[in-house]
Amino acid sequence: MSEKLHLDSFDIKLLAQIQEDAGQTNQEIGEKIHLSPSQISRRRQRLEQSGVIKRYRADLSPSKLGLSVTAFVGISLSNHSKENSKRFFELVQNMTCVQEAYTMTGDIDYMLKVCVPDLKTLSKVISDDFLSNEAVQNVRSSIAMETLKSSNHLPLEYVS
């Protein structure tokens with residue numbers, strides 16, 4: 001397990017700015033948190049190299065792109081062998097409609113967040129991709145009716 005990186009208050013402020021808008025320049029961030037652009041650049045590079053900043057990405061609107069159905073799909077495996085788990089892992093990695101996938105405690109093995117254009121496509125994904133896969137025993141899905149909050153921002157106030 002990797003050791004936690006020591007972060008000072010300027011690192012936290014920098015991370016908050018990047019979380020809010022990763023497209024900001026070092027100059028813009030520096031003006032907001034009172035550091036020079038070169039200091040921002042060095043800190044950002046250290047945070048990237050250490051893995052604290054994993055990647056930069058755009059926050060796209062699913063509805064504007066015609067992806068109007070978000071579903072949470074619970075998966076139970078047919079058995080818990082290493083081979084079966086690997087088979088399921090590979091399946092999920094290759095499915096672009098799966099946005100997030102988690103190993104769970106409780107009565108399901110995995111919880112997936114799936115984004116598709118419509119219910120017909122969701123039905124096809126469940127039938128053709130999940131239920132037809134020999135690794136999967138059971139699938140339970142719930143469709144999100146409305147998004148109340150959508151954020152990948154981490155609670156930096158808890159980081160010391």
# chains A, B, ... in the order shown; residues from 1 in each chain; ligands from 1

call {"tool": "closest_atom_pairs", "arguments": {"of": "range 2-78 of chain A", "to": "range 99-120 of chain A", "cutoff": "10 Å", "atoms": "only C-alpha atoms", "output": "JSON lines"}}
result
{"residue": "A:Pro62", "atom": "CA", "partner": "A:Cys115", "partner_atom": "CA", "distance": 7.9}
{"residue": "A:Ser63", "atom": "CA", "partner": "A:Pro117", "partner_atom": "CA", "distance": 8.6}
{"residue": "A:Leu65", "atom": "CA", "partner": "A:Pro117", "partner_atom": "CA", "distance": 8.6}
{"residue": "A:Gly66", "atom": "CA", "partner": "A:Pro117", "partner_atom": "CA", "distance": 5.6}
{"residue": "A:Leu67", "atom": "CA", "partner": "A:Pro117", "partner_atom": "CA", "distance": 3.9}
{"residue": "A:Ser68", "atom": "CA", "partner": "A:Pro117", "partner_atom": "CA", "distance": 5.2}
{"residue": "A:Val69", "atom": "CA", "partner": "A:Val116", "partner_atom": "CA", "distance": 5.3}
{"residue": "A:Thr70", "atom": "CA", "partner": "A:Cys115", "partner_atom": "CA", "distance": 4.6}
{"residue": "A:Ala71", "atom": "CA", "partner": "A:Val114", "partner_atom": "CA", "distance": 5.2}
{"residue": "A:Phe72", "atom": "CA", "partner": "A:Lys113", "partner_atom": "CA", "distance": 4.7}
{"residue": "A:Val73", "atom": "CA", "partner": "A:Leu112", "partner_atom": "CA", "distance": 5.0}
{"residue": "A:Gly74", "atom": "CA", "partner": "A:Met111", "partner_atom": "CA", "distance": 4.6}
{"residue": "A:Ile75", "atom": "CA", "partner": "A:Tyr110", "partner_atom": "CA", "distance": 5.1}
{"residue": "A:Ser76", "atom": "CA", "partner": "A:Asp109", "partner_atom": "CA", "distance": 5.0}
{"residue": "A:Leu77", "atom": "CA", "partner": "A:Asp109", "partner_atom": "CA", "distance": 6.7}

call {"tool": "closest_residue", "arguments": {"among": "A:Ser142, A:Leu35, A:Asp21, A:Cys97", "to": "Ser9 in chain A", "atoms": "only C-alpha atoms"}}
result
A:Leu35

call {"tool": "residues_around", "arguments": {"residues": "range 38-44 of chain A", "least_positions_apart": "6", "cutoff": "8 Å", "atoms": "only C-alpha atoms", "output": "PDB file with C-alpha atoms, in the first residue's frame"}}
result
ATOM      1  CA  ASP A  11      -1.768  21.805  -2.007  1.00  0.00           C
ATOM      2  CA  LEU A  14      -4.670  23.829  -5.550  1.00  0.00           C
ATOM      3  CA  ASN A  26      -1.322  27.927 -13.504  1.00  0.00           C
ATOM      4  CA  ILE A  29      -4.953  29.240 -10.040  1.00  0.00           C
ATOM      5  CA  GLY A  30      -1.984  31.156  -8.662  1.00  0.00           C
TER       6      GLY A  30
END

call {"tool": "closest_residue", "arguments": {"among": "A:Glu157, A:Asp8, A:Glu48, A:Glu83", "to": "Glu134 in chain A", "atoms": "only C-alpha atoms"}}
result
A:Glu83

call {"tool": "closest_residue", "arguments": {"among": "A:Lys13, A:His6, A:Lys54, A:Lys82", "to": "Lys32 in chain A", "atoms": "only C-alpha atoms"}}
result
A:Lys13

call {"tool": "atom_distance", "arguments": {"atom1": "CA of Phe10 in chain A", "atom2": "CA of Gln27 in chain A"}}
result
14.6 Å

call {"tool": "select_by_dssp", "arguments": {"residues": "range 75-149 of chain A", "states": "strand (DSSP E)", "output": "list of chain:residue names"}}
result
A:Ile75, A:Ser76, A:Leu77, A:Val98, A:Gln99, A:Glu100, A:Ala101, A:Tyr102, A:Thr103, A:Tyr110, A:Met111, A:Leu112, A:Lys113, A:Val114, A:Cys115, A:Val116, A:Val136, A:Gln137, A:Asn138, A:Val139, A:Arg140, A:Ser141, A:Ser142, A:Ile143

call {"tool": "atom_distance", "arguments": {"atom1": "CA of Ile18 in chain A", "atom2": "CA of Glu146 in chain A"}}
result
27.1 Å

call {"tool": "atom_distance", "arguments": {"atom1": "CA of Gln137 in chain A", "atom2": "CA of Asn79 in chain A"}}
result
8.0 Å

call {"tool": "select_by_dssp", "arguments": {"residues": "range 83-154 of chain A", "states": "helix (DSSP H, G or I)", "output": "list in words"}}
result
Glu83, Asn84, Ser85, Lys86, Arg87, Phe88, Phe89, Glu90, Leu91, Val92, Gln93, Leu119, Lys120, Thr121, Leu122, Ser123, Lys124, Val125, Ile126, Ser127, Asp128, Asp129, Phe130 and Leu131 of chain A

call {"tool": "write_last_selection", "arguments": {"atoms": "C-alpha atoms", "output": "PDB file, in the first residue's frame"}}
result
ATOM      1  CA  GLU A  83     -11.304 -17.338 -13.095  1.00  0.00           C
ATOM      2  CA  ASN A  84     -14.931 -16.257 -12.817  1.00  0.00           C
ATOM      3  CA  SER A  85     -14.017 -12.967 -11.161  1.00  0.00           C
ATOM      4  CA  LYS A  86     -11.423 -12.330 -13.863  1.00  0.00           C
ATOM      5  CA  ARG A  87     -13.990 -13.116 -16.580  1.00  0.00           C
ATOM      6  CA  PHE A  88     -16.411 -10.590 -15.093  1.00  0.00           C
ATOM      7  CA  PHE A  89     -13.663  -7.984 -14.604  1.00  0.00           C
ATOM      8  CA  GLU A  90     -12.697  -8.257 -18.272  1.00  0.00           C
ATOM      9  CA  LEU A  91     -16.331  -7.994 -19.349  1.00  0.00           C
ATOM     10  CA  VAL A  92     -16.866  -4.777 -17.382  1.00  0.00           C
ATOM     11  CA  GLN A  93     -13.561  -3.216 -18.507  1.00  0.00           C
ATOM     12  CA  LEU A 119     -34.592   1.457 -21.857  1.00  0.00           C
ATOM     13  CA  LYS A 120     -34.365  -0.758 -24.943  1.00  0.00           C
ATOM     14  CA  THR A 121     -30.563  -0.408 -24.890  1.00  0.00           C
ATOM     15  CA  LEU A 122     -30.475  -1.074 -21.132  1.00  0.00           C
ATOM     16  CA  SER A 123     -32.519  -4.241 -21.668  1.00  0.00           C
ATOM     17  CA  LYS A 124     -30.100  -5.353 -24.391  1.00  0.00           C
ATOM     18  CA  VAL A 125     -27.063  -4.680 -22.159  1.00  0.00           C
ATOM     19  CA  ILE A 126     -28.593  -6.664 -19.293  1.00  0.00           C
ATOM     20  CA  SER A 127     -29.683  -9.582 -21.497  1.00  0.00           C
ATOM     21  CA  ASP A 128     -26.883  -9.778 -24.051  1.00  0.00           C
ATOM     22  CA  ASP A 129     -23.899  -8.676 -21.983  1.00  0.00           C
ATOM     23  CA  PHE A 130     -24.614  -9.598 -18.373  1.00  0.00           C
ATOM     24  CA  LEU A 131     -27.125 -12.453 -18.244  1.00  0.00           C
TER      25      LEU A 131
END

call {"tool": "residues_around", "arguments": {"residues": "Ser151 in chain A", "least_positions_apart": "5", "cutoff": "12 Å", "atoms": "only C-alpha atoms", "output": "mmCIF file with C-alpha atoms, in the first residue's frame"}}
result
data_model
loop_
_atom_site.group_PDB
_atom_site.id
_atom_site.type_symbol
_atom_site.label_atom_id
_atom_site.label_comp_id
_atom_site.auth_asym_id
_atom_site.auth_seq_id
_atom_site.Cartn_x
_atom_site.Cartn_y
_atom_site.Cartn_z
ATOM 1 C CA GLN A 19 -11.470 19.831 -8.985
ATOM 2 C CA GLU A 20 -13.627 22.856 -9.729
ATOM 3 C CA ASP A 59 -17.514 16.682 -17.447
ATOM 4 C CA LEU A 60 -19.932 15.906 -20.291
#

call {"tool": "closest_residue", "arguments": {"among": "A:Gly51, A:Ala16, A:Lys4, A:Asn138", "to": "Leu154 in chain A", "atoms": "only C-alpha atoms"}}
result
A:Ala16
